[in-house]
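Asks: One structure, pasted below without further comment.
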Protein chains: 4
Amino acid sequence: MIHLDTLNAGSTDEFVGALGEIFEHSPWIARRAFPSRPFPTVSFLHDVMMAAVEASSLEEKLALLRAHPELGSKIGRAGEMATASRQEQGALGLDRLSDAQFRIFDGLNREYGKRFDFPFIIAVARHTRTSIQRQLERRLRNDRDAELAAAIREIGYITRLRLVAAVDGPGKPKTDGRLSTHVLNTVTGRPAAGLMVVLKEIGGDADGVLKEAITNADGRTDEPLISGVPLRMGWYEIEFHVGKYFDWEEIPAADPPFLDVVPVHFAIAEPEGHYHVPLIASPWSYSTYRGS
Amino acid sequence: MIHLDTLNAGSTDEFVGALGEIFEHSPWIARRAFPSRPFPTVSFLHDVMMAAVEASSLEEKLALLRAHPELGSKIGRAGEMATASRQEQGALGLDRLSDAQFRIFDGLNREYGKRFDFPFIIAVARHTRTSIQRQLERRLRNDRDAELAAAIREIGYITRLRLVAAVDGPGKPKTDGRLSTHVLNTVTGRPAAGLMVVLKEIGGDADGVLKEAITNADGRTDEPLISGVPLRMGWYEIEFHVGKYFDWEEIPAADPPFLDVVPVHFAIAEPEGHYHVPLIASPWSYSTYRGS
Amino acid sequence: MIHLDTLNAGSTDEFVGALGEIFEHSPWIARRAFPSRPFPTVSFLHDVMMAAVEASSLEEKLALLRAHPELGSKIGRAGEMATASRQEQGALGLDRLSDAQFRIFDGLNREYGKRFDFPFIIAVARHTRTSIQRQLERRLRNDRDAELAAAIREIGYITRLRLVAAVDGPGKPKTDGRLSTHVLNTVTGRPAAGLMVVLKEIGGDADGVLKEAITNADGRTDEPLISGVPLRMGWYEIEFHVGKYFDWEEIPAADPPFLDVVPVHFAIAEPEGHYHVPLIASPWSYSTYRGS
Amino acid sequence: MIHLDTLNAGSTDEFVGALGEIFEHSPWIARRAFPSRPFPTVSFLHDVMMAAVEASSLEEKLALLRAHPELGSKIGRAGEMATASRQEQGALGLDRLSDAQFRIFDGLNREYGKRFDFPFIIAVARHTRTSIQRQLERRLRNDRDAELAAAIREIGYITRLRLVAAVDGPGKPKTDGRLSTHVLNTVTGRPAAGLMVVLKEIGGDADGVLKEAITNADGRTDEPLISGVPLRMGWYEIEFHVGKYFDWEEIPAADPPFLDVVPVHFAIAEPEGHYHVPLIASPWSYSTYRGS
């Protein structure tokens with residue numbers, strides 16, 4: 001990681017050498033941002049680079065878009081994309097698509113390519129696969145101007161993440177979100193300690209356990225369920241294993257207990273937001289809400 | 001259906017002719033109950049018949065138990081059981097067991113038969129298949145006296161249902177339960193009308209839609225989700241389609257909405273009980289509880 | 001009470017004799033409505049009478065308004081008003097105003113009289129004193145046309161109540177509301193039986209107990225807290241004595257219990273509405289809402 | 001404030017000079033604790049001093065009790081009590097008792113003195129006046145042994161507070177509690193910012209506003225409602241001004257709004273506990289609970 005001070009003190013070549021790949025195969029953006037130095041904050045540096053994109057010609061914008069790899073394409077997976085792009089797509093498991101999924105993605109991608117003549121660009125780190133497919137379907141209905149703007153907005157999200165990962169210094173923009181939970185036992189008026197909580201991604205065919213945790217003495221998990229990264233837009237379930245908890249606590253319940261594993265399903269729409277999803281429960285009742 | 005007055009006025013033979021099959025292939029129970037007539041209520045008639053069972057010798061009790069068909073056995077399905085038994089088991093779908101399920105039931109059943117030397121008896125109309133399996137597993141851990149008592153208790157449930165179906169008159173015992181719901185919109189303080197509600201059985205491999213309904217102007221379903229029959233002990237889900245509802249009501253929500261299909265999972269433990277499972281919801285919060 | 005059929009079959013004089021006082025000292029309204037008979041419903045009869053008011057000249061409307069007594073005035077209380085008016089005002093306790101209250105009412109009333117040159121008219125049966133004062137203050141800010149319309153709307157409410165009290169027959173308009181409650185114990189999942197509930201009017205200096213009741217086996221009061229009459233617009237409190245209840249039920253709580261008497265404060269804005277105000281409670285938590 | 005290290009390093013006289021007044025006019029307790037030094041923690045020091053009390057003779061215990069001032073007595077207020085005692089009682093407002101209150105306290109106090117022959121001792125910083133009266137009434141029903149134990153337990157609470165105020169160092173026992181709140185708007189799924197919250201003491205004749213605050217962007221008050229001191233056992237109300245809040249937020253409500261000022265009444269039973277009392281609210285519903 002390079003420090004903002006170093007960038008501010010270095011030459012054009014050093015600057016472009018360090019930041020040229022932040023915008024996919026498009027070092028000209030770093031070059032045009034350079035004269036605005038010194039940059040007081042990382043956030044400001046990103047703003048200046050994005051302003052250079054906005055100020056560029058239509059041809060330059062299209063060239064920038066076309067410099068991006070096809071999402072989920074076979075070719076895309078074969079090694080042509082920038083290292084940062086590969087990591088982002090790999091983390092999402094787009095290279096682990098089933099054949100059926102691949103056909104859907106591939107079909108939508110081709111349709112998109114035909115319609116707009118540039119590849120579909122999305123900040124994959126901010127989306128689940130289910131959300132990416134939804135975005136693809138939606139953005140296919142945009143007209144070309146709206147879609148150009150949408151693609152550049154996504155480049156903004158992508159490069160903000162890359163810049164935060166590449167450059168150290170003051171005023172880094174917020175790129176991570178947080179998902180946390182809390183369980184209260186309304187029979188005792190105490191936090192529910194020792195209760196199993198399971199976080200899953202749901203929707204599409206993307207179900208999978210993301211995290212299992214046991215609540216601590218304060219009724220919370222020691223670590224937030226997700227933190228330090230953007231929350232991927234998409235659909236989630238938290239399973240609260242209240243049946244076993246109340247049984248261990250020897251709080252009377254029916255046989256079988258009215259509530260056993262309580263599922264809470266919700267969508268995340270703000271990748272940089274804080275989602276607190278508590279459960280206020282007795283063996284016969286519960287409430288939940290988006291808290292803060 | 002025969003009226004209690006007719007039974008009270010008739011001869012022993014008429015009485016036994018009418019009620020002889022209430023207790024599986026065991027007309028002697030009706031015969032022993034006959035002298036206690038006149039019966040003021042159907043409930044009292046059932047109590048007297050059960051008292052005759054309780055007062056009978058161990059040999060008679062075992063004979064009564066052994067007169068019952070094997071639950072889910074091939075032989076059982078071939079036509080030897082009393083018509084009433086067949087209906088009860090058919091309604092549950094025990095004759096539609098998959099091979100894998102059948103092997104589990106069959107294995108447990110054989111173990112039960114070896115351990116207790118009489119067939120496993122359960123009032124199937126009060127249980128889901130998942131619950132029957134759970135009961136079988138539990139009752140296998142009983143000692144013989146406890147299990148004899150458990151089997152006779154089940155015969156009480158079975159015959160109470162048969163008697164209520166066969167005899168008209170005052171004082172019929174309560175054999176049916178009720179499952180109802182209600183949805184309130186806390187943004188408007190009004191009942192949520194036009195919201196889809198889906199009731200499913202869950203647990204084991206018995207998932208299946210039992211009912212779909214749309215809430216009316218009072219936020220309720222026109223008919224209870226279940227009524228007029230015993231509630232089968234087991235695990236259920238009600239899906240509340242709040243996302244579509246709030247969208248139609250043009251109540252602002254996130255994109256995608258934080259809450260879409262809200263699942264509520266619960267167990268029914270009292271077949272003759274009233275379970276009211278409401279949802280008090282906004283686009284960002286909900287609570288539910290066992291109401292009445 | 002006279003039947004609609006009788007009215008439909010009688011002469012003009014009989015009709016006006018029966019209904020002449022429905023609109024305060026203004027038998028001409030009944031007379032103008034008469035030719036529209038036969039009236040299929042009581043509701044339709046009222047609509048026709050109100051249409052006669054709407055169709056009348058400004059002078060006639062003003063004469064109608066001025067035929068009404070001064071609200072709460074000394075003169076008003078001395079016997080000049082129609083019997084029905086006297087009952088409505090007495091029921092509200094307007095003749096039991098303290099001197100301080102009387103001065104406020106009287107001041108506002110005088111201001112109103114000066115501003116509009118007709119007495120302040122309001123369907124007192126639909127308001128608490130606190131609400132009447134609030135309405136007076138608000139309506140003082142109307143311009144003359146708006147206030148004329150408001151006064152006639154109130155005459156509509158007043159005469160609808162009088163007509164429903166005077167005439168029997170099909171299609172009576174709904175003039176009563178309902179306030180009910182329900183208490184659920186979330187520790188046991190059962191209705192809270194034997195819990196004291198106290199309904200009070202609050203706000204202004206009008207505090208007072210309207211009803212005390214003990215919940216029955218279903219967690220409800222045997223009678224709704226209010227029914228059979230319009231709900232008076234205004235501010236209310238229901239006190240739920242949960243501390244004593246949980247103590248009697250031997251459900252563990254802190255010492256002293258976290259929750260003892262739970263107050264729920266709310267306003268009624270729809271006199272003909274159904275307000276259901278339940279409490280879902282444990283010794284450590286509760287929720288309430290406007291239900292239905 | 002003196003540091004534990006200094007105490008551990010000093011002479012007997014220095015030790016007793018510093019801590020002799022921790023136990024009311026009873027320096028012998030500090031003297032007997034001295035040989036156990038060095039004390040690794042403040043908490044351990046207190047335990048050793050209390051062990052010295054427990055190990056003392058009945059005569060010594062009674063002398064300790066009798067060294068305490070009469071609670072709320074005229075004499076007590078005249079200056080004979082230890083400075084620390086005076087501060088504790090003054091903070092509670094016991095010297096601001098009305099004549100009626102004084103008579104009740106005085107009567108109970110005299111009865112107590114007659115019954116037990118030592119003054120009523122209570123850690124006033126942990127109680128409201130209402131709670132003190134309740135404790136007095138209860139403890140009057142103790143037998144002498146139970147009451148002796150109760151009085152010494154209170155001396156433990158009193159001296160723990162004094163020691164924590166007098167001695168710095170590691171392992172200070174927890175003597176403070178915390179009362180906090182949080183308001184969530186379930187219409188928007190956001191914290192309710194800008195909502196007025198008023199904390200009052202209720203019960204007895206001790207009603208009074210303890211704190212007014214406006215919620216911040218996170219729906220919390222900038223400072224906890226109470227912190228840094230023990231929570232006084234007693235009865236409290238938090239008023240949540242939701243009506244004005246929803247009005248400012250332009251969230252539709254009835255006219256007048258169903259909910260305006262929402263009162264939540266609760267008791268504090270653990271002076272060193274954390275009471276979190278949130279409100280989860282829409283214009284038509286709310287829930288609250290003891291959180292953490």
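Scheme for the structure tokens: letters A, B, ... for chains in order shown; per-chain residue numbers from 1; ligand numbers from 1 in order shown.
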Pick out the residues sitting within 12 Å of range 39-56 of chain D, and hand them over as a ChimeraX atom specification; count only C-alpha atoms, and ignore anything fewer than 3 positions along from it in its own chain.
Replies: /D:2-9,15-16,19-20,22-23,26-36,59-65,148-149,151-175
Asks: Please provide chain A as a short mmCIF file (atom, residue, chain, number, x, y, z; two decimals) with C-alpha atoms, in the first residue's frame, once it has been superposed on chain D by least squares across all sequentially paired Cα atoms.
Replies:
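selection_33.cif was written with the following content:
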data_model
loop_
_atom_site.label_atom_id
_atom_site.label_comp_id
_atom_site.auth_asym_id
_atom_site.auth_seq_id
_atom_site.Cartn_x
_atom_site.Cartn_y
_atom_site.Cartn_z
CA MET A 1 -8.28 10.81 46.68
CA ILE A 2 -5.57 8.57 48.01
CA HIS A 3 -3.96 5.81 45.96
CA LEU A 4 -4.06 2.17 47.02
CA ASP A 5 -0.27 2.02 46.67
CA THR A 6 0.11 4.82 49.23
CA LEU A 7 -2.16 2.97 51.64
CA ASN A 8 -0.26 -0.25 51.10
CA ALA A 9 3.05 1.53 51.83
CA GLY A 10 1.96 3.64 54.83
CA SER A 11 1.79 3.08 58.60
CA THR A 12 -1.18 1.86 60.59
CA ASP A 13 -1.93 5.42 61.68
CA GLU A 14 -1.79 6.73 58.15
CA PHE A 15 -4.06 3.87 57.02
CA VAL A 16 -6.58 4.45 59.78
CA GLY A 17 -6.33 8.19 59.27
CA ALA A 18 -7.27 7.78 55.63
CA LEU A 19 -9.97 5.10 55.95
CA GLY A 20 -11.23 5.48 59.53
CA GLU A 21 -14.37 7.31 58.51
CA ILE A 22 -15.33 4.90 55.71
CA PHE A 23 -17.28 2.95 58.33
CA GLU A 24 -19.27 5.56 60.28
CA HIS A 25 -17.31 6.71 63.38
CA SER A 26 -15.75 3.21 63.52
CA PRO A 27 -12.00 3.42 62.87
CA TRP A 28 -11.52 0.01 64.51
CA ILE A 29 -12.61 -1.64 61.28
CA ALA A 30 -9.82 -0.02 59.29
CA ARG A 31 -7.42 -0.94 62.09
CA ARG A 32 -8.39 -4.62 61.96
CA ALA A 33 -8.14 -4.70 58.15
CA PHE A 34 -4.65 -3.17 58.11
CA PRO A 35 -2.65 -6.37 58.79
CA SER A 36 -3.99 -7.95 55.60
CA ARG A 37 -2.10 -5.48 53.43
CA PRO A 38 -0.88 -5.20 50.76
CA PHE A 39 -4.27 -5.03 49.10
CA PRO A 40 -4.01 -5.89 45.40
CA THR A 41 -7.33 -4.25 44.51
CA VAL A 42 -9.76 -1.75 45.99
CA SER A 43 -12.38 -4.46 45.81
CA PHE A 44 -10.27 -6.76 47.95
CA LEU A 45 -9.67 -3.99 50.49
CA HIS A 46 -13.43 -3.58 50.85
CA ASP A 47 -13.93 -7.31 51.20
CA VAL A 48 -11.38 -7.43 54.02
CA MET A 49 -13.02 -4.53 55.86
CA MET A 50 -16.44 -6.19 55.54
CA ALA A 51 -14.94 -9.47 56.78
CA ALA A 52 -13.72 -7.58 59.86
CA VAL A 53 -17.29 -6.44 60.47
CA GLU A 54 -18.67 -9.95 60.02
CA ALA A 55 -16.04 -11.34 62.40
CA SER A 56 -16.77 -8.78 65.10
CA SER A 57 -18.83 -9.48 68.22
CA LEU A 58 -22.55 -8.73 68.45
CA GLU A 59 -21.77 -5.77 70.72
CA GLU A 60 -19.33 -4.35 68.19
CA LYS A 61 -21.83 -4.80 65.37
CA LEU A 62 -24.53 -3.02 67.36
CA ALA A 63 -22.08 -0.24 68.20
CA LEU A 64 -21.35 0.13 64.47
CA LEU A 65 -25.04 0.32 63.62
CA ARG A 66 -25.68 2.80 66.42
CA ALA A 67 -22.84 4.99 65.18
CA HIS A 68 -25.03 5.78 62.15
CA PRO A 69 -27.34 8.82 62.18
CA GLU A 70 -31.09 8.54 62.30
CA LEU A 71 -32.33 8.69 58.72
CA GLY A 72 -34.13 11.92 58.06
CA SER A 73 -34.35 12.86 61.70
CA LYS A 74 -34.20 16.50 62.77
CA ILE A 75 -31.14 15.69 64.83
CA GLY A 76 -29.66 13.88 61.92
CA ARG A 77 -29.96 16.95 59.82
CA ALA A 78 -28.35 19.20 62.43
CA GLY A 79 -24.74 18.25 61.77
CA GLU A 80 -23.77 15.24 63.83
CA MET A 81 -23.41 12.84 60.99
CA ALA A 82 -20.22 12.07 59.09
CA THR A 83 -19.69 14.34 56.09
CA ALA A 84 -20.18 11.45 53.70
CA SER A 85 -23.53 10.56 55.27
CA ARG A 86 -24.68 14.16 55.01
CA GLN A 87 -23.88 14.31 51.31
CA GLU A 88 -25.70 11.08 50.60
CA GLN A 89 -28.85 12.14 52.39
CA GLY A 90 -28.76 15.64 50.99
CA ALA A 91 -28.48 14.41 47.44
CA LEU A 92 -31.66 12.46 47.89
CA GLY A 93 -33.44 15.49 49.22
CA LEU A 94 -34.26 13.88 52.54
CA ASP A 95 -33.68 17.26 54.15
CA ARG A 96 -36.27 18.67 51.78
CA LEU A 97 -39.07 16.43 53.01
CA SER A 98 -42.48 18.02 53.24
CA ASP A 99 -44.01 18.02 56.69
CA ALA A 100 -46.38 15.21 55.73
CA GLN A 101 -43.57 13.11 54.33
CA PHE A 102 -41.44 13.84 57.33
CA ARG A 103 -44.18 12.60 59.66
CA ILE A 104 -44.41 9.30 57.78
CA PHE A 105 -40.66 8.79 57.71
CA ASP A 106 -40.36 9.88 61.28
CA GLY A 107 -43.14 7.55 62.43
CA LEU A 108 -41.65 4.56 60.63
CA ASN A 109 -38.19 5.46 61.91
CA ARG A 110 -39.37 5.62 65.52
CA GLU A 111 -41.18 2.31 65.16
CA TYR A 112 -38.01 0.84 63.70
CA GLY A 113 -35.89 2.23 66.54
CA LYS A 114 -38.23 0.79 69.15
CA ARG A 115 -38.35 -2.58 67.47
CA PHE A 116 -34.65 -3.07 66.79
CA ASP A 117 -32.89 -0.62 69.10
CA PHE A 118 -30.59 0.64 66.39
CA PRO A 119 -31.19 3.21 63.63
CA PHE A 120 -32.51 2.29 60.20
CA ILE A 121 -29.53 2.11 57.86
CA ILE A 122 -29.80 2.12 54.10
CA ALA A 123 -27.50 3.07 51.24
CA VAL A 124 -29.58 6.08 50.26
CA ALA A 125 -27.61 6.64 47.05
CA ARG A 126 -29.14 3.40 45.75
CA HIS A 127 -32.76 4.39 46.46
CA THR A 128 -35.37 6.99 45.74
CA ARG A 129 -37.38 8.26 48.71
CA THR A 130 -40.28 6.10 47.63
CA SER A 131 -38.01 3.06 47.64
CA ILE A 132 -36.55 3.96 51.05
CA GLN A 133 -40.05 4.10 52.54
CA ARG A 134 -40.87 0.72 50.94
CA GLN A 135 -37.68 -0.77 52.36
CA LEU A 136 -38.42 0.65 55.79
CA GLU A 137 -41.90 -0.85 55.77
CA ARG A 138 -40.55 -4.21 54.63
CA ARG A 139 -37.62 -4.42 56.97
CA LEU A 140 -39.88 -3.58 59.91
CA ARG A 141 -41.31 -7.06 59.31
CA ASN A 142 -37.91 -8.77 59.65
CA ASP A 143 -36.93 -10.57 62.83
CA ARG A 144 -33.90 -9.15 64.63
CA ASP A 145 -31.29 -11.51 63.13
CA ALA A 146 -32.51 -10.99 59.59
CA GLU A 147 -32.59 -7.25 60.14
CA LEU A 148 -29.08 -7.18 61.60
CA ALA A 149 -27.88 -8.95 58.46
CA ALA A 150 -29.86 -6.54 56.25
CA ALA A 151 -28.37 -3.51 58.03
CA ILE A 152 -24.83 -4.84 57.60
CA ARG A 153 -25.51 -5.57 53.93
CA GLU A 154 -26.51 -1.92 53.55
CA ILE A 155 -23.33 -0.82 55.34
CA GLY A 156 -21.52 -2.86 52.71
CA TYR A 157 -23.19 -0.85 49.93
CA ILE A 158 -22.55 2.46 51.71
CA THR A 159 -18.89 1.79 52.40
CA ARG A 160 -18.24 0.38 48.94
CA LEU A 161 -19.38 3.71 47.51
CA ARG A 162 -17.30 5.65 50.03
CA LEU A 163 -14.22 3.58 49.37
CA VAL A 164 -14.54 3.98 45.61
CA ALA A 165 -14.81 7.75 46.13
CA ALA A 166 -11.85 7.87 48.52
CA VAL A 167 -9.31 5.45 47.09
CA ASP A 168 -7.79 5.27 43.65
CA GLY A 169 -6.19 2.13 42.29
CA PRO A 170 -6.81 -1.09 40.39
CA GLY A 171 -9.87 -3.31 40.76
CA LYS A 172 -12.41 -0.77 41.89
CA PRO A 173 -15.77 -2.51 42.41
CA LYS A 174 -18.62 -1.54 40.06
CA THR A 175 -20.88 0.91 41.87
CA ASP A 176 -22.58 2.72 39.00
CA GLY A 177 -25.47 1.74 36.79
CA ARG A 178 -26.71 2.99 33.46
CA LEU A 179 -30.08 3.95 32.03
CA SER A 180 -30.21 4.50 28.29
CA THR A 181 -32.79 4.69 25.55
CA HIS A 182 -33.07 4.46 21.79
CA VAL A 183 -35.93 5.32 19.46
CA LEU A 184 -36.60 3.68 16.11
CA ASN A 185 -39.04 4.89 13.51
CA THR A 186 -40.62 1.81 11.93
CA VAL A 187 -42.16 3.81 9.09
CA THR A 188 -38.73 4.69 7.68
CA GLY A 189 -36.63 1.97 9.27
CA ARG A 190 -34.33 4.69 10.60
CA PRO A 191 -33.35 5.91 14.04
CA ALA A 192 -35.71 8.64 15.21
CA ALA A 193 -33.56 11.77 15.40
CA GLY A 194 -34.72 14.98 17.07
CA LEU A 195 -37.29 13.34 19.33
CA MET A 196 -37.73 14.71 22.84
CA VAL A 197 -37.28 12.29 25.70
CA VAL A 198 -38.07 13.21 29.30
CA LEU A 199 -37.05 11.11 32.28
CA LYS A 200 -39.10 11.51 35.47
CA GLU A 201 -39.15 9.90 38.84
CA ILE A 202 -42.69 8.78 39.65
CA GLY A 203 -44.37 7.11 42.58
CA GLY A 204 -45.17 8.52 45.98
CA ASP A 205 -45.07 12.29 45.90
CA ALA A 206 -41.62 12.29 44.39
CA ASP A 207 -42.51 13.12 40.79
CA GLY A 208 -39.95 15.26 39.13
CA VAL A 209 -38.10 15.72 35.87
CA LEU A 210 -34.63 14.18 36.09
CA LYS A 211 -33.55 14.79 32.51
CA GLU A 212 -34.72 16.12 29.19
CA ALA A 213 -32.88 15.21 26.03
CA ILE A 214 -33.27 15.19 22.26
CA THR A 215 -32.31 12.07 20.35
CA ASN A 216 -29.35 12.35 18.00
CA ALA A 217 -28.89 10.98 14.48
CA ASP A 218 -28.55 7.48 15.89
CA GLY A 219 -31.86 7.76 17.79
CA ARG A 220 -30.02 7.84 21.12
CA THR A 221 -29.37 10.58 23.63
CA ASP A 222 -25.79 11.92 23.50
CA GLU A 223 -25.32 10.91 27.13
CA PRO A 224 -27.12 7.99 28.78
CA LEU A 225 -30.14 9.20 30.76
CA ILE A 226 -28.29 8.20 33.94
CA SER A 227 -24.71 7.00 34.26
CA GLY A 228 -21.69 7.25 36.52
CA VAL A 229 -23.74 6.78 39.70
CA PRO A 230 -25.84 3.98 41.14
CA LEU A 231 -29.37 3.93 39.70
CA ARG A 232 -31.72 4.72 42.57
CA MET A 233 -34.16 1.86 43.06
CA GLY A 234 -37.62 3.21 42.42
CA TRP A 235 -40.19 4.06 39.79
CA TYR A 236 -39.54 6.01 36.63
CA GLU A 237 -41.23 7.30 33.55
CA ILE A 238 -39.73 8.04 30.19
CA GLU A 239 -41.93 10.25 28.05
CA PHE A 240 -41.30 9.84 24.34
CA HIS A 241 -42.65 12.79 22.36
CA VAL A 242 -43.47 10.82 19.23
CA GLY A 243 -46.40 12.98 18.08
CA LYS A 244 -44.27 16.06 17.45
CA TYR A 245 -41.51 13.92 15.93
CA PHE A 246 -43.75 12.27 13.34
CA ASP A 247 -45.30 15.66 12.59
CA TRP A 248 -41.88 17.18 11.89
CA GLU A 249 -40.96 14.18 9.79
CA GLU A 250 -44.20 14.74 7.82
CA ILE A 251 -45.25 11.16 8.36
CA PRO A 252 -49.04 11.04 8.05
CA ALA A 253 -51.00 10.54 11.26
CA ALA A 254 -54.56 11.07 12.41
CA ASP A 255 -55.79 14.46 13.64
CA PRO A 256 -55.24 14.50 16.57
CA PRO A 257 -52.50 11.87 16.26
CA PHE A 258 -53.28 8.49 17.81
CA LEU A 259 -49.98 8.66 19.71
CA ASP A 260 -48.61 11.90 21.05
CA VAL A 261 -46.55 11.65 24.25
CA VAL A 262 -45.90 7.95 24.89
CA PRO A 263 -45.27 7.24 28.58
CA VAL A 264 -43.23 4.20 29.59
CA HIS A 265 -43.33 3.41 33.31
CA PHE A 266 -40.84 1.02 34.85
CA ALA A 267 -39.04 0.19 38.07
CA ILE A 268 -35.32 -0.07 38.62
CA ALA A 269 -34.40 -2.90 40.97
CA GLU A 270 -30.65 -3.24 40.26
CA PRO A 271 -28.76 -0.03 41.10
CA GLU A 272 -25.59 -1.31 39.44
CA GLY A 273 -27.42 -2.72 36.41
CA HIS A 274 -27.74 -1.54 32.84
CA TYR A 275 -31.28 -0.63 31.86
CA HIS A 276 -31.85 0.02 28.21
CA VAL A 277 -35.45 1.06 27.50
CA PRO A 278 -35.96 1.55 23.77
CA LEU A 279 -39.06 2.55 21.87
CA ILE A 280 -39.84 1.03 18.49
CA ALA A 281 -42.61 3.22 17.13
CA SER A 282 -44.84 4.21 14.26
CA PRO A 283 -47.66 6.78 14.58
CA TRP A 284 -49.96 3.83 15.41
CA SER A 285 -47.91 1.33 17.35
CA TYR A 286 -45.01 0.93 19.67
CA SER A 287 -43.13 -1.64 21.65
CA THR A 288 -40.68 -1.36 24.49
CA TYR A 289 -38.69 -3.78 26.62
CA ARG A 290 -35.79 -4.00 28.98
CA GLY A 291 -32.90 -4.30 26.60
CA SER A 292 -29.19 -4.38 27.26
#
Asks: In range 92-233 of chain A, what's strand (DSSP E) per DSSP? Answer as number ranges by chain?
Replies: A: 167-168, 178-180, 183-185, 190-191, 196-202, 208-214, 226-227
